[in-house]
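Asks: What follows is a structure written as structure tokens; I'll ask about it next.
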Amino acid sequence: GGGLERNASPFINFTWDVSDPLLNSFWVKMYAAISSANSVLNVTSGLSGLSEEKINSIRGEAKFIRAASYYFLYNLFGTVPIIEIPQDASPDSIEQIGKNTPRATQQEMVNYMVEDLTFASQNLPVEENPIGKATKGSALAVLTKLYMHEKDWKNAAATAKQIMDLHYYSLYDNYADMFSIEGENNKEYIYRAPCIAQNGYSNNYMAHTFPPSYPVQSNWDNFGAQFRTYTTFYDTFSANDARLKCFVTHYTNQSGQEVELLRDANGKPLNNVRSFKYRPDPNAKGENMGNDIVYIRLADILLCRAEALNEMNGPNNESIQLINQIRQRAKTDEVQLSDFTSKESL
């Protein structure tokens, strides 16, 4: 229920069409970002009085934004038109370029993103300053995900290793705190959307996740749209897994009634568990919370390398060690190389 169901329903029922407003909103936002990045790149080609290093840093940031936007579109639509505007183009010629540029081929699309992200990774700083600014690590992280998408295992493994070899990122000790306001300055985040408790710049996930009549603070909203978690997913975690602390399976509602979300009295799955991964912001304003939204973090990159090495070599010690780094942080049981007899089983 709730307003989001109106957006979700066509996708649940496989009935979306080209006029779908959600899909079109992504298309418009990403091409707006691409257009802005192209404008920056055009301006930098005529700059003087700045060092080559500074200009390349600006260009690297623009190329990161452009490539990350194209990758977002590529994940949704497959190949799309690659739009580049000549510096002296008139409004009419820009209109024609937009209307008449065909979809790129897959190889053209991949090569274009790889070139942008490689340039960005070579010219951006390692430190994320201010929060949310493109970095060497974020460029390499999106590049890793692109190689994974293409099943280019060799380059995926190598690029993930480049991130690890920066020795800048580390797994955050307390998983349950990582996505809280207090924990967001950790060194596990690589690529994020910084959020503040203000409309248009916020994380509004939790307003959709609170179960009905949950004892929320007076400054928090609790929406009708309900983000639920399947019981079968909850059951994939071992009982000793610290990540279970981020789920709500039982609560006392505002009327003092006990509410179960995992299973009913007969053991039947209720498929109603709530993921409180983004721990509610104490200083939220309605639905608007300040928890940064993370797109790629180090745990993801470690698993990318583990998967890529497995795809190339089958079960191997390094893949197992990478997986176990994450399982150790979760305080749960480790896996053993002897547990896996084939690439498919791992």
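Scheme for the structure tokens: letters A, B, ... for chains in order shown; per-chain residue numbers from 1; ligand numbers from 1 in order shown.
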Can you tell me, as a PyMOL selection string, which residues in stretch 86-225 of chain A count as helix (DSSP H, G or I) by DSSP?
Replies: chain A and resi 91-100+106-123+136-149+153-164+175-177+206-208
Asks: If you keep C-alpha atoms, can you produce a file of those selected residues as a compact mmCIF listing (two decimals), in the first residue's frame?
Replies:
```txt
# COMPACT_ATOMS: atom_id res chain seq x y z
CA PRO A 91 20.52 25.29 -29.96
CA ASP A 92 19.03 23.84 -33.16
CA SER A 93 22.02 21.59 -33.80
CA ILE A 94 21.99 20.45 -30.16
CA GLU A 95 18.32 19.53 -30.60
CA GLN A 96 19.15 17.50 -33.71
CA ILE A 97 22.03 15.69 -31.97
CA GLY A 98 19.67 14.73 -29.16
CA LYS A 99 16.99 13.48 -31.53
CA ASN A 100 19.13 11.67 -34.06
CA GLN A 106 27.64 -2.53 -26.53
CA GLN A 107 31.38 -2.32 -27.19
CA GLU A 108 31.20 1.43 -27.84
CA MET A 109 29.25 1.91 -24.62
CA VAL A 110 31.62 -0.15 -22.49
CA ASN A 111 34.76 1.38 -24.01
CA TYR A 112 33.41 4.90 -23.44
CA MET A 113 32.69 4.26 -19.75
CA VAL A 114 36.02 2.46 -19.22
CA GLU A 115 37.92 5.38 -20.78
CA ASP A 116 36.12 7.96 -18.60
CA LEU A 117 36.51 5.98 -15.39
CA THR A 118 40.16 5.17 -16.08
CA PHE A 119 40.94 8.85 -16.65
CA ALA A 120 39.02 9.76 -13.48
CA SER A 121 40.86 7.18 -11.41
CA GLN A 122 44.21 8.53 -12.60
CA ASN A 123 43.41 12.17 -11.85
CA LYS A 136 40.11 7.68 -7.18
CA GLY A 137 38.38 4.91 -5.18
CA SER A 138 34.86 5.73 -6.38
CA ALA A 139 36.02 5.75 -10.02
CA LEU A 140 37.74 2.38 -9.59
CA ALA A 141 34.68 1.03 -7.74
CA VAL A 142 32.24 1.89 -10.54
CA LEU A 143 34.76 0.49 -13.02
CA THR A 144 34.90 -2.75 -11.01
CA LYS A 145 31.11 -3.03 -11.12
CA LEU A 146 31.14 -2.39 -14.87
CA TYR A 147 33.67 -5.18 -15.42
CA MET A 148 31.56 -7.48 -13.21
CA HIS A 149 28.48 -6.59 -15.28
CA TRP A 153 36.56 -11.37 -14.60
CA LYS A 154 40.24 -10.63 -15.14
CA ASN A 155 39.79 -6.85 -15.18
CA ALA A 156 37.21 -6.98 -12.38
CA ALA A 157 39.64 -8.83 -10.12
CA ALA A 158 42.53 -6.50 -11.02
CA THR A 159 40.51 -3.30 -10.51
CA ALA A 160 39.14 -4.49 -7.17
CA LYS A 161 42.73 -5.19 -6.14
CA GLN A 162 43.71 -1.63 -7.09
CA ILE A 163 41.13 -0.35 -4.58
CA MET A 164 42.39 -2.70 -1.89
CA TYR A 175 28.16 -3.42 11.15
CA ALA A 176 25.02 -2.40 13.04
CA ASP A 177 26.36 1.16 13.46
CA MET A 206 12.85 4.64 7.14
CA ALA A 207 9.46 6.35 6.77
CA HIS A 208 8.50 3.41 4.53
```
Asks: Could you check which of A:Pro81, A:Gly286, A:Pro21, A:Gly3 is closest to A:Asn204, using only C-alpha atoms?
Replies: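 Under the stated criterion, the closest residue is A:Gly286.
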Asks: Separation of atom CA of A:Ala62 and atom CA of A:Ala33, in Å?
Replies: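 Interatomic distance here is 9.2 Å.
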Asks: Within 12 Å of A:Gln226, counting only C-alpha atoms, which residues show up once you throw out same-chain ones fewer than 3 positions away? Write them as JSON, numbers by chain, please.
Replies: {"A": [1, 2, 3, 4, 5, 8, 205, 206, 207, 208, 209, 210, 211, 212, 222, 223, 229, 271, 272, 273, 274, 275]}
Asks: Name all residues at most 12 Å from A:Glu258 (count only C-alpha atoms; drop same-chain ones fewer than 6 positions away) and give them as a list in words.
Replies: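 Using only C-alpha atoms, the neighbours found are Ser213, Tyr214, Pro215, Thr249, His250, Tyr251 and Thr252 of chain A.
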Asks: Export, as an mmCIF file, in the first residue's frame, the selected residues with C-alpha atoms.
Replies:
```
data_model
loop_
_atom_site.group_PDB
_atom_site.id
_atom_site.type_symbol
_atom_site.label_atom_id
_atom_site.label_comp_id
_atom_site.auth_asym_id
_atom_site.auth_seq_id
_atom_site.Cartn_x
_atom_site.Cartn_y
_atom_site.Cartn_z
ATOM 1 C CA SER A 213 1.779 1.911 14.902
ATOM 2 C CA TYR A 214 5.503 1.579 15.603
ATOM 3 C CA PRO A 215 6.600 3.831 18.514
ATOM 4 C CA THR A 249 11.093 -9.074 13.992
ATOM 5 C CA HIS A 250 8.986 -8.133 17.034
ATOM 6 C CA TYR A 251 7.831 -4.883 18.648
ATOM 7 C CA THR A 252 5.342 -3.403 21.077
#
```
Asks: Please report the interatomic distance between atom CA of A:Asn56 and atom CA of A:Ala193 in Å with one decimal.
Replies: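 So the two atoms, atom CA of A:Asn56 and atom CA of A:Ala193, lie 23.2 Å apart.
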Asks: Neighbouring residues of stretch 238-244 of chain A were defined as those with any atom within 6 Å, considering only C-alpha atoms; residues of the same chain fewer than 5 positions away were excluded. Please report them as a list in words.
Replies: Ala330, Lys331 and Thr332 of chain A
Asks: Which of these, A:Met30, A:Val248, A:Val126, A:Ile82, has the shortest distance to A:Asp165 once you count only C-alpha atoms?
Replies: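 Of A:Met30, A:Val248, A:Val126, A:Ile82, the one nearest A:Asp165, counting only C-alpha atoms, is A:Val126.
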